file upload.txt (compact mmCIF, C-alpha atoms)
# COMPACT_ATOMS: atom_id res chain seq x y z
CA MET V 1 0.00 0.00 0.00
CA LEU V 2 1.06 3.61 -0.39
CA PRO V 3 2.69 4.71 2.88
CA LEU V 4 0.26 7.53 3.53
CA GLY V 5 0.57 9.46 6.77
CA SER V 6 -2.52 9.44 8.98
CA ARG V 7 -3.04 13.21 8.97
CA ARG V 8 -2.34 13.62 5.25
CA ARG V 9 -4.12 10.49 4.12
CA HIS V 10 -7.49 12.02 3.29
CA GLY V 11 -6.02 15.07 1.60
CA SER V 12 -3.57 13.01 -0.45
CA THR V 13 -6.26 10.54 -1.46
CA ALA V 14 -8.58 13.36 -2.47
CA SER V 15 -5.79 14.91 -4.57
CA LEU V 16 -5.21 11.59 -6.34
CA LEU V 17 -8.93 11.25 -7.11
CA VAL V 18 -9.08 14.81 -8.42
CA GLY V 19 -6.02 14.13 -10.55
CA MET V 20 -7.56 10.97 -11.98
CA ALA V 21 -10.79 12.82 -12.76
CA LEU V 22 -8.85 15.60 -14.45
CA SER V 23 -6.98 13.03 -16.54
CA LEU V 24 -10.30 11.64 -17.78
CA LEU V 25 -11.54 15.14 -18.65
CA VAL V 26 -8.34 15.82 -20.55
CA CYS V 27 -8.85 12.61 -22.52
CA LEU V 28 -12.40 13.61 -23.43
CA ALA V 29 -11.29 17.07 -24.47
CA LEU V 30 -8.56 15.70 -26.72
CA SER V 31 -10.68 13.03 -28.44
CA THR V 32 -10.77 13.82 -32.17
CA HIS V 33 -11.15 11.92 -35.40
CA SER V 34 -7.80 10.90 -36.86
CA ARG V 35 -5.99 7.94 -38.34
CA LEU V 36 -4.93 6.23 -35.11
CA LEU V 37 -2.78 3.37 -34.00
CA ASP V 38 -4.59 0.35 -32.59
CA TYR V 39 -4.02 1.60 -29.07
CA THR V 40 -5.85 0.95 -25.84
CA VAL V 41 -5.36 3.06 -22.73
CA ALA V 42 -4.03 0.82 -19.99
CA ARG V 43 -5.52 0.58 -16.53
CA ILE V 44 -4.03 2.58 -13.69
CA ASN V 45 -2.27 0.88 -10.80
CA VAL V 46 -2.60 3.08 -7.72
CA LYS V 47 -0.97 0.68 -5.28
CA VAL V 48 2.54 -0.65 -4.95
CA THR V 49 2.67 -4.41 -4.48
CA SER V 50 5.38 -7.02 -4.47
CA SER V 51 3.93 -8.80 -7.48
CA GLU V 52 4.73 -7.96 -11.09
CA GLN V 53 1.95 -5.70 -12.34
CA TYR V 54 2.73 -4.83 -15.94
CA PHE V 55 -0.03 -3.31 -17.98
CA TYR V 56 1.84 -4.12 -21.17
CA HIS V 57 0.67 -6.46 -23.86
CA LYS V 58 2.93 -9.46 -24.33
CA GLN V 59 1.48 -10.39 -27.70
CA ASP V 60 1.88 -6.80 -28.96
CA TRP V 61 5.57 -6.77 -28.10
CA GLN V 62 6.11 -10.24 -29.60
CA GLN V 63 4.25 -9.19 -32.74
CA TRP V 64 6.62 -6.26 -33.24
CA SER V 65 9.72 -8.27 -32.35
CA GLU V 66 8.92 -11.33 -34.50
CA GLY V 67 12.03 -12.27 -36.43
CA GLY V 68 14.22 -10.08 -34.22
CA THR V 69 16.93 -10.84 -31.70
CA GLN V 70 15.36 -9.84 -28.40
CA LYS V 71 16.59 -12.54 -26.09
CA CYS V 72 16.89 -12.09 -22.36
CA ARG V 73 17.14 -14.16 -19.21
CA ALA V 74 16.44 -14.00 -15.50
CA PRO V 75 19.30 -13.36 -13.05
CA VAL V 76 21.12 -16.36 -11.64
CA ALA V 77 23.31 -17.04 -8.59
CA ASP V 78 24.72 -13.78 -7.23
CA GLU V 79 23.54 -11.54 -10.09
CA VAL V 80 21.70 -8.49 -8.73
CA ILE V 81 19.13 -6.46 -10.63
CA PRO V 82 16.71 -3.76 -9.51
CA HIS V 83 13.17 -4.79 -8.58
CA LEU V 84 11.12 -1.85 -9.80
CA LEU V 85 7.50 -1.75 -8.68
CA SER V 86 4.86 0.05 -10.68
CA VAL V 87 3.12 2.82 -8.76
CA ARG V 88 0.95 4.25 -11.51
CA GLN V 89 0.69 4.73 -15.26
CA TRP V 90 -0.71 7.65 -17.24
CA HIS V 91 -1.55 7.43 -20.95
CA SER V 92 -2.28 10.29 -23.29
CA CYS V 93 -5.57 10.19 -25.17
CA LYS V 94 -4.24 12.39 -27.96
CA PRO V 95 -4.51 11.01 -31.51
CA ARG V 96 -1.53 8.94 -32.68
CA GLN V 97 -0.49 8.93 -36.31
CA LEU V 98 0.82 5.78 -37.92
CA GLU V 99 3.92 7.59 -39.16
CA SER V 100 5.43 8.07 -35.70
CA ALA V 101 8.56 7.29 -33.74
CA THR V 102 8.33 7.02 -29.96
CA LEU V 103 10.93 8.88 -27.92
CA VAL V 104 11.92 6.39 -25.19
CA THR V 105 13.42 7.86 -22.03
CA GLN V 106 13.73 7.64 -18.25
CA LEU V 107 14.45 10.07 -15.43
CA SER V 108 14.25 10.68 -11.70
CA LEU V 109 11.25 12.54 -10.32
CA GLU V 110 13.37 15.60 -9.51
CA ARG V 111 14.07 16.14 -13.22
CA LEU V 112 10.61 16.48 -14.67
CA GLU V 113 11.63 19.82 -16.22
CA MET V 114 13.90 17.84 -18.56
CA LEU V 115 10.96 15.76 -19.71
CA GLU V 116 9.01 18.97 -20.19
CA ASN V 117 11.71 20.22 -22.57
CA GLN V 118 11.27 17.08 -24.65
CA CYS V 119 7.47 17.33 -24.46
CA ARG V 120 7.48 20.82 -25.89
CA ILE V 121 9.66 19.80 -28.84
CA TRP V 122 8.82 16.21 -29.81
CA PRO V 123 5.39 15.97 -31.52
CA ASP V 124 5.34 12.17 -31.67
CA PRO V 125 4.67 9.87 -28.68
CA ILE V 126 6.99 9.86 -25.67
CA ALA V 127 7.33 6.79 -23.43
CA ALA V 128 8.89 7.86 -20.14
CA VAL V 129 9.58 6.07 -16.89
CA VAL V 130 10.00 8.20 -13.77
CA TYR V 131 11.88 6.69 -10.84
CA VAL V 132 11.60 7.59 -7.17
CA PRO V 133 13.44 5.36 -4.66
CA THR V 134 12.30 5.02 -1.08
CA VAL V 135 14.20 4.32 2.12
CA GLN V 136 12.06 2.58 4.70
CA GLY V 137 8.94 3.62 2.82
CA ARG V 138 9.81 7.32 2.41
CA ALA V 139 11.00 9.02 -0.77
CA ALA V 140 14.78 9.44 -0.95
CA SER V 141 16.20 12.42 -2.82
CA ALA V 142 19.62 14.05 -2.62
CA GLU V 143 18.50 16.80 -5.01
CA ASP V 144 15.12 17.95 -3.68
CA ALA V 145 14.75 18.58 0.05
CA SER V 146 10.97 18.94 -0.27
CA LEU V 147 10.72 15.45 -1.76
CA ASN V 148 13.21 13.73 0.53
CA GLY V 149 11.41 11.93 3.36
CA SER V 150 7.93 12.51 1.93
CA VAL V 151 5.29 9.83 1.50
CA LEU V 152 5.00 8.20 -1.90
CA ALA V 153 1.65 9.87 -2.49
CA GLU V 154 3.58 13.14 -2.85
CA ALA V 155 5.47 11.68 -5.81
CA VAL V 156 2.22 10.44 -7.35
CA GLY V 157 0.73 13.90 -6.96
CA ARG V 158 3.69 15.58 -8.65
CA ALA V 159 3.68 13.16 -11.55
CA THR V 160 -0.09 13.47 -11.96
CA ALA V 161 0.07 17.26 -11.98
CA PHE V 162 2.88 17.20 -14.52
CA PHE V 163 1.05 14.78 -16.82
CA ASN V 164 -2.20 16.73 -16.67
CA ARG V 165 -0.42 20.02 -17.34
CA MET V 166 1.34 18.58 -20.39
CA GLN V 167 -1.92 17.20 -21.74
CA LEU V 168 -3.96 20.36 -21.13
CA GLN V 169 -1.30 22.45 -22.83
CA GLY V 170 -1.13 20.03 -25.75
CA ALA V 171 2.59 19.73 -25.23
CA CYS V 172 3.09 16.06 -26.17
CA THR V 173 1.57 12.61 -26.52
CA LEU V 174 2.91 11.20 -23.28
CA ASP V 175 2.79 7.71 -21.82
CA LEU V 176 4.23 7.84 -18.33
CA GLU V 177 4.97 5.31 -15.61
CA LEU V 178 6.07 6.01 -12.04
CA VAL V 179 8.17 3.23 -10.51
CA THR V 180 9.84 2.76 -7.16
CA GLN V 181 12.02 0.42 -5.11
CA ASN V 182 12.44 0.39 -1.36
CA PHE V 183 15.92 0.27 0.22
CA LYS V 184 17.42 0.05 3.67
CA SER V 185 19.91 2.89 3.15
CA GLU V 186 20.25 6.09 1.14
CA GLU V 187 23.52 4.80 -0.32
CA GLU V 188 21.75 1.81 -1.85
CA ALA V 189 18.96 4.06 -3.10
CA GLY V 190 21.53 6.30 -4.80
CA LEU V 191 22.53 3.73 -7.43
CA TYR V 192 20.18 4.78 -10.21
CA PRO V 193 18.67 1.84 -12.19
CA PHE V 194 19.31 3.25 -15.67
CA ASN V 195 18.86 0.05 -17.64
CA ALA V 196 15.91 -1.32 -15.69
CA ALA V 197 14.10 2.00 -16.20
CA ARG V 198 15.00 2.01 -19.91
CA ASN V 199 13.51 -1.45 -20.34
CA ARG V 200 10.30 -0.37 -18.65
CA ALA V 201 10.11 2.60 -21.03
CA LEU V 202 10.65 0.29 -24.01
CA LEU V 203 7.66 -1.72 -22.84
CA LEU V 204 5.51 1.43 -22.84
CA ALA V 205 6.33 2.27 -26.47
CA GLN V 206 3.65 1.46 -29.06
CA THR V 207 5.36 2.26 -32.39
CA GLU V 208 7.79 0.29 -34.50
CA ALA V 209 10.35 3.10 -34.71
CA LEU V 210 12.00 4.08 -31.42
CA LEU V 211 14.25 7.04 -30.56
CA LEU V 212 16.43 6.01 -27.60
CA LEU V 213 17.33 9.22 -25.79
CA ASP V 214 18.29 10.30 -22.29
CA ALA V 215 16.06 12.86 -20.60
CA ASP V 216 18.74 15.57 -20.47
CA PHE V 217 18.85 15.80 -24.28
CA VAL V 218 16.46 17.56 -26.63
CA PRO V 219 15.89 16.34 -30.21
CA SER V 220 15.62 18.54 -33.27
CA PRO V 221 12.17 18.69 -34.94
CA THR V 222 13.98 18.08 -38.25
CA ILE V 223 14.10 14.41 -37.26
CA VAL V 224 10.32 14.14 -37.40
CA ALA V 225 10.09 16.30 -40.53
CA SER V 226 12.23 13.75 -42.39
CA TYR V 227 9.61 10.98 -42.05
CA LYS V 228 6.24 12.72 -41.61
CA SER V 229 4.80 11.40 -44.85
CA PRO V 230 3.83 7.84 -45.72
CA GLN V 231 6.74 7.68 -48.17
CA GLY V 232 9.22 9.14 -45.69
CA TYR V 233 8.16 6.79 -42.91
CA ALA V 234 8.30 3.77 -45.23
CA GLU V 235 11.86 4.75 -46.17
CA LEU V 236 12.79 5.07 -42.48
CA LEU V 237 11.41 1.61 -41.74
CA ARG V 238 13.23 0.11 -44.72
CA ARG V 239 16.48 1.52 -43.38
CA LEU V 240 15.80 0.31 -39.83
CA ASN V 241 14.74 -3.18 -40.87
CA ARG V 242 17.85 -3.98 -42.92
CA PRO V 243 18.58 -3.97 -39.92
CA GLY V 244 19.93 -0.49 -39.32
CA ALA V 245 20.25 2.20 -36.68
CA VAL V 246 20.00 5.90 -37.49
CA ILE V 247 22.51 7.94 -35.51
CA LEU V 248 21.61 11.43 -34.32
CA PRO V 249 24.76 13.53 -33.82
CA ALA V 250 24.93 14.62 -30.17
CA PHE V 251 26.11 18.08 -29.13
CA GLU V 252 26.74 19.87 -25.86
CA THR V 253 27.00 23.58 -25.16
CA ALA V 254 30.28 25.34 -24.36
CA ASP V 255 28.49 27.19 -21.55
CA ASN V 256 27.24 25.01 -18.71
CA GLY V 257 24.85 27.53 -17.18
CA THR V 258 21.66 29.32 -18.13
CA GLU V 259 23.09 30.55 -21.43
CA GLY V 260 23.94 26.98 -22.34
CA GLN V 261 20.41 25.82 -21.55
CA GLN V 262 18.99 28.57 -23.74
CA LEU V 263 21.40 27.75 -26.56
CA ALA V 264 20.51 24.04 -26.46
CA LEU V 265 16.83 24.82 -26.98
CA ALA V 266 17.53 27.48 -29.60
CA ALA V 267 19.75 25.08 -31.53
CA VAL V 268 17.16 22.34 -31.94
CA HIS V 269 14.50 24.87 -32.93
CA GLY V 270 16.93 26.53 -35.34
CA GLY V 271 17.66 23.33 -37.23
CA LYS V 272 20.84 22.06 -38.81
CA ALA V 273 21.99 25.41 -40.23
CA PHE V 274 21.86 26.98 -36.75
CA ALA V 275 23.58 23.99 -35.12
CA ALA V 276 26.30 23.80 -37.79
CA GLU V 277 27.12 27.50 -37.39
CA ALA V 278 27.17 27.21 -33.58
CA TYR V 279 29.48 24.21 -33.89
CA GLN V 280 31.88 26.06 -36.21
CA GLN V 281 31.91 28.97 -33.76
CA HIS V 282 32.64 26.53 -30.89
CA ASN V 283 29.44 27.42 -29.04
CA LEU V 284 28.25 23.86 -29.63
CA LEU V 285 30.70 21.00 -29.17
CA GLY V 286 30.63 17.31 -29.92
CA PHE V 287 29.23 15.66 -26.81
CA HIS V 288 31.94 14.73 -24.29
CA MET V 289 34.60 14.93 -27.00
CA ALA V 290 36.99 16.73 -24.63
CA HIS V 291 37.30 13.85 -22.17
CA TYR V 292 35.94 10.76 -23.94
CA ALA V 293 36.28 11.08 -27.70
CA GLY V 294 35.45 7.41 -28.23
CA GLY V 295 31.90 7.98 -27.04
CA HIS V 296 30.82 10.12 -30.00
CA GLY V 297 33.91 10.69 -32.16
CA PRO V 298 32.98 8.11 -34.82
CA THR V 299 29.94 10.27 -35.69
CA ASN V 300 32.40 12.55 -37.55
CA TYR V 301 30.94 15.98 -36.82
CA THR V 302 32.94 17.72 -39.55
CA ARG V 303 31.46 15.43 -42.17
CA TRP V 304 27.95 15.88 -40.76
CA VAL V 305 28.16 19.67 -41.00
CA ALA V 306 28.99 19.44 -44.71
CA THR V 307 26.67 16.62 -45.84
CA SER V 308 23.07 16.49 -47.00
CA LYS V 309 22.92 12.68 -47.25
CA TYR V 310 22.98 9.73 -44.89
CA TYR V 311 26.41 8.18 -44.46
CA TRP V 312 27.45 4.80 -43.09
CA ILE V 313 29.99 4.46 -40.30
CA ARG V 314 31.71 1.46 -38.79
CA TYR V 315 30.86 0.83 -35.15
CA GLN V 316 33.81 1.07 -32.75
CA SER V 317 33.91 -0.33 -29.23
CA GLY V 318 32.93 2.33 -26.69
CA TYR V 319 30.81 4.30 -29.18
CA GLU V 320 27.51 5.33 -27.57
CA PRO V 321 25.44 7.45 -29.97
CA TYR V 322 21.75 8.20 -29.63
CA VAL V 323 19.84 6.26 -32.26
CA ILE V 324 16.53 5.51 -33.90
CA VAL V 325 15.98 1.76 -34.17
CA SER V 326 13.24 -0.70 -35.01
CA ARG V 327 11.85 -2.30 -31.88
CA ARG V 328 12.16 -5.71 -33.55
CA PHE V 329 15.95 -5.29 -33.62
CA CYS V 330 16.35 -3.37 -30.37
CA PRO V 331 18.11 -5.50 -27.72
CA TRP V 332 16.99 -5.27 -24.14
CA TYR V 333 19.24 -3.40 -21.75
CA ASP V 334 21.07 -5.54 -19.20
CA GLU V 335 19.54 -4.55 -15.87
CA ARG V 336 22.57 -5.56 -13.84
CA PHE V 337 24.03 -2.19 -14.84
CA ARG V 338 22.85 0.30 -12.22
CA GLY V 339 24.68 3.37 -11.04
CA TYR V 340 26.82 5.48 -13.35
CA GLY V 341 28.79 3.75 -16.08
CA TYR V 342 28.73 1.33 -19.03
CA ASP V 343 24.94 1.02 -19.06
CA LYS V 344 24.18 2.48 -22.49
CA ILE V 345 27.41 1.28 -24.11
CA GLN V 346 26.53 -2.30 -23.16
CA GLN V 347 23.31 -2.18 -25.17
CA LEU V 348 24.91 -0.48 -28.20
CA GLU V 349 27.74 -3.01 -28.34
CA HIS V 350 25.07 -5.71 -28.27
CA LEU V 351 23.24 -3.94 -31.10
CA ALA V 352 26.45 -3.77 -33.16
CA SER V 353 27.18 -7.47 -32.54
CA GLU V 354 23.88 -8.31 -34.27
CA HIS V 355 25.29 -6.90 -37.55
CA VAL V 356 23.20 -3.75 -37.46
CA ASN V 357 24.35 -1.06 -39.89
CA PHE V 358 24.87 2.43 -38.46
CA PHE V 359 23.90 5.46 -40.58
CA VAL V 360 24.19 9.11 -39.53
CA HIS V 361 21.08 11.25 -40.06
CA PRO V 362 21.97 14.14 -42.41
CA HIS V 363 19.67 16.71 -40.77
CA GLY V 364 18.54 15.47 -37.36
CA PHE V 365 20.54 15.90 -34.15
CA VAL V 366 20.22 16.12 -30.36
CA VAL V 367 21.65 18.61 -27.87
CA HIS V 368 22.47 18.11 -24.19
CA VAL V 369 20.81 20.61 -21.85
CA PRO V 370 23.36 21.39 -19.09
CA HIS V 371 22.49 20.54 -15.48
CA GLU V 372 24.09 19.65 -12.18
CA LYS V 373 25.79 16.26 -12.10
CA ALA V 374 23.53 13.52 -10.77
CA PRO V 375 24.33 12.21 -7.24
CA THR V 376 24.56 8.65 -8.59
CA PHE V 377 27.92 9.55 -10.21
CA GLY V 378 29.60 10.20 -6.87
CA ILE V 379 27.92 7.26 -5.14
CA THR V 380 29.04 4.88 -7.88
CA HIS V 381 32.68 5.88 -7.43
CA ARG V 382 32.62 6.30 -3.65
CA THR V 383 31.25 2.81 -3.04
CA GLY V 384 33.59 1.04 -5.45
CA HIS V 385 30.65 0.07 -7.63
CA TRP V 386 32.43 1.57 -10.66
CA ASP V 387 35.01 -1.23 -10.56
CA ARG V 388 32.26 -3.85 -10.48
CA LEU V 389 30.57 -2.23 -13.48
CA TYR V 390 33.84 -2.21 -15.41
CA LYS V 391 34.45 -5.90 -14.74
CA MET V 392 30.88 -6.74 -15.70
CA PHE V 393 31.22 -4.76 -18.93
CA LYS V 394 34.39 -6.63 -19.85
CA ASP V 395 32.56 -9.90 -19.22
CA VAL V 396 29.75 -8.74 -21.52
CA GLN V 397 32.26 -7.88 -24.27
CA SER V 398 33.83 -11.32 -23.95
CA GLN V 399 30.44 -13.00 -24.21
CA LEU V 400 29.51 -10.88 -27.22
CA ARG V 401 32.67 -11.95 -29.04
CA ARG V 402 31.71 -15.58 -28.42
CA HIS V 403 28.06 -14.92 -29.35
CA ARG V 404 26.92 -16.07 -25.92
CA PHE V 405 25.65 -12.86 -24.37
CA VAL V 406 22.03 -12.65 -23.19
CA PRO V 407 20.96 -9.54 -21.24
CA VAL V 408 19.49 -9.98 -17.77
CA THR V 409 16.03 -8.49 -17.21
CA SER V 410 13.24 -8.64 -14.67
CA PHE V 411 10.72 -9.92 -17.26
CA PRO V 412 12.27 -12.93 -19.06
CA GLN V 413 8.78 -14.22 -19.78
CA LEU V 414 8.50 -11.55 -22.53
CA CYS V 415 11.69 -12.53 -24.29
CA GLN V 416 12.53 -14.99 -27.00
CA GLN V 417 14.26 -18.05 -25.66
call {"tool": "encode", "arguments": {"input": "upload.txt", "output": "structure tokens"}}
result
Amino acid sequence: MLPLGSRRRHGSTASLLVGMALSLLVCLALSTHSRLLDYTVARINVKVTSSEQYFYHKQDWQQWSEGGTQKCRAPVADEVIPHLLSVRQWHSCKPRQLESATLVTQLSLERLEMLENQCRIWPDPIAAVVYVPTVQGRAASAEDASLNGSVLAEAVGRATAFFNRMQLQGACTLDLELVTQNFKSEEEAGLYPFNAARNRALLLAQTEALLLLDADFVPSPTIVASYKSPQGYAELLRRLNRPGAVILPAFETADNGTEGQQLALAAVHGGKAFAAEAYQQHNLLGFHMAHYAGGHGPTNYTRWVATSKYYWIRYQSGYEPYVIVSRRFCPWYDERFRGYGYDKIQQLEHLASEHVNFFVHPHGFVVHVPHEKAPTFGITHRTGHWDRLYKMFKDVQSQLRRHRFVPVTSFPQLCQQ
């Protein structure tokens, strides 16, 4: 049950009911005639239980992934994965066009403003998982004092208010899930479950094309413009089902403050010409190129600035671009990777091992919106967990070379055996 305090119970419950009613009114207001996906709004889970309560459709996912390579397995022996519990789901009632790509992302509750940035830019569906850990039944947050120590109903209220505001403002077509896990200590709670949250977001997605993006990036609308016709979308799917992955060059701003945040948003709205000029003037930089060139260097930013056509690149170990993929060829993330490090690279190296071709989008790109470093970075290093992640990543690479790697997830019943 939600750990509601006795004095706040009635008020919190009333707020939840009002929020649910408002969500229904929003849905009614947004109902219009359009060519829609075969999509059914899922039920809402308002309690946290120890059992698996997924409101996802196994046959839908298997239909999309038929012929793909989406194997996974349950943890064995001493393998540890997060056990995320669903608190509640919200689903937009806005019309969904067939020619769509779902932006798949995850974030902590304190960073809803990042999701709002994406909502105000990305016109296609967004599947987002929001994570709030608890310590002895109370929300744990090193970033938000007002959230830290609060009852879980506070988190539900914040997420509900955010979802309703986005829907009333017509900002995006958002499918949202709030998840939690209870811990004995704040240190345990500080190891963010990146890959487990990403997998949950993948399960929320309802389109064949998926944009895999972290919440602190914003995508350029030129990405959507390139496929917003039946012919353009068919061409995108042909490229993805070769199989292929479309790389979106990733930039960061030279300024890490307010000016940098403003520039990031201006760049994606300004399109490629704006971004290319900002890059040549060193106001935009290749993401993390100064301290880890292997992460995005193969994108070849100089070539991207000059080209108007897709170009193929050879995948190199350690390369971690943001990509559009077909869900039928999108490997699951290995959920053993929690805390900061090797989480996204693991999945991309798996993708490359399946002989997926990587092509750089000639016009689309993403830009990092600067923010304070997440607490999970320091906790990962301080606890020695970084060394365990490194060893695990090397084991994954070894298994990939021998074609024996299978990612560990909390829902092996959905995977091909």
call {"tool": "residues_around", "arguments": {"input": "upload.txt", "residues": "range 311-313 of chain V", "least_positions_apart": "4", "cutoff": "12 Å", "atoms": "only C-alpha atoms", "output": "count of residues only"}}
result
27
call {"tool": "residues_around", "arguments": {"input": "upload.txt", "residues": "range 324-339 of chain V", "least_positions_apart": "3", "cutoff": "6 Å", "atoms": "only C-alpha atoms", "output": "ChimeraX atom specification"}}
result
/V:64-65,68-70,80-81,191-196,208-211,240,245-246,343,347,376,380,407-409
call {"tool": "closest_residue", "arguments": {"input": "upload.txt", "among": "V:Ala145, V:Ala254, V:Leu414, V:Ala266", "to": "Gln280 in chain V", "atoms": "all atoms listed in the file"}}
result
V:Ala254
call {"tool": "residues_around", "arguments": {"input": "upload.txt", "residues": "Pro412 in chain V", "least_positions_apart": "5", "cutoff": "7 Å", "atoms": "only C-alpha atoms", "output": "ChimeraX atom specification"}}
result
/V:72-74
call {"tool": "write_last_selection", "arguments": {"input": "upload.txt", "atoms": "C-alpha atoms", "output": "CSV table (one decimal), in the frame of the given file"}}
result
chain,number,residue,atom,x,y,z
V,72,CYS,CA,16.9,-12.1,-22.4
V,73,ARG,CA,17.1,-14.2,-19.2
V,74,ALA,CA,16.4,-14.0,-15.5
call {"tool": "closest_residue", "arguments": {"input": "upload.txt", "among": "V:Leu263, V:Leu400, V:Ile345, V:Leu103", "to": "Glu320 in chain V", "atoms": "all atoms listed in the file"}}
result
V:Ile345
call {"tool": "atom_distance", "arguments": {"input": "upload.txt", "atom1": "CA of Val369 in chain V", "atom2": "CA of Gln167 in chain V"}}
result
23.0 Å
call {"tool": "build_atoms", "arguments": {"input": "upload.txt", "residues": "range 297-314 of chain V", "atoms": "N, CA and C atoms", "output": "compact mmCIF listing (two decimals), keeping the file's coordinate frame"}}
result
# COMPACT_ATOMS: atom_id res chain seq x y z
N GLY V 297 33.00 10.33 -31.07
CA GLY V 297 33.91 10.69 -32.16
C GLY V 297 33.61 10.04 -33.49
N PRO V 298 33.25 8.74 -33.52
CA PRO V 298 32.98 8.11 -34.82
C PRO V 298 31.85 8.76 -35.62
N THR V 299 31.01 9.56 -34.97
CA THR V 299 29.94 10.27 -35.69
C THR V 299 30.52 11.13 -36.80
N ASN V 300 31.71 11.69 -36.57
CA ASN V 300 32.40 12.55 -37.55
C ASN V 300 31.61 13.85 -37.77
N TYR V 301 31.72 14.74 -36.80
CA TYR V 301 30.94 15.98 -36.82
C TYR V 301 31.28 16.86 -38.02
N THR V 302 32.54 16.89 -38.41
CA THR V 302 32.94 17.72 -39.55
C THR V 302 32.23 17.26 -40.81
N ARG V 303 32.15 15.96 -41.00
CA ARG V 303 31.46 15.43 -42.17
C ARG V 303 29.97 15.74 -42.09
N TRP V 304 29.38 15.63 -40.90
CA TRP V 304 27.95 15.88 -40.76
C TRP V 304 27.60 17.32 -41.13
N VAL V 305 28.42 18.26 -40.71
CA VAL V 305 28.16 19.67 -41.00
C VAL V 305 28.08 19.90 -42.51
N ALA V 306 28.89 19.18 -43.28
CA ALA V 306 28.99 19.44 -44.71
C ALA V 306 28.03 18.61 -45.56
N THR V 307 27.44 17.55 -45.01
CA THR V 307 26.67 16.62 -45.84
C THR V 307 25.19 16.95 -45.89
N SER V 308 24.54 16.42 -46.91
CA SER V 308 23.07 16.49 -47.00
C SER V 308 22.50 15.09 -47.21
N LYS V 309 23.34 14.06 -47.04
CA LYS V 309 22.92 12.68 -47.25
C LYS V 309 23.31 11.81 -46.05
N TYR V 310 22.58 10.71 -45.89
CA TYR V 310 22.98 9.73 -44.89
C TYR V 310 24.36 9.19 -45.23
N TYR V 311 25.14 8.87 -44.22
CA TYR V 311 26.41 8.18 -44.46
C TYR V 311 26.61 7.08 -43.43
N TRP V 312 27.20 5.99 -43.91
CA TRP V 312 27.45 4.80 -43.09
C TRP V 312 28.73 4.97 -42.30
N ILE V 313 28.75 4.47 -41.08
CA ILE V 313 29.99 4.46 -40.30
C ILE V 313 30.15 3.09 -39.67
N ARG V 314 31.40 2.72 -39.44
CA ARG V 314 31.71 1.46 -38.79
C ARG V 314 31.65 1.64 -37.27
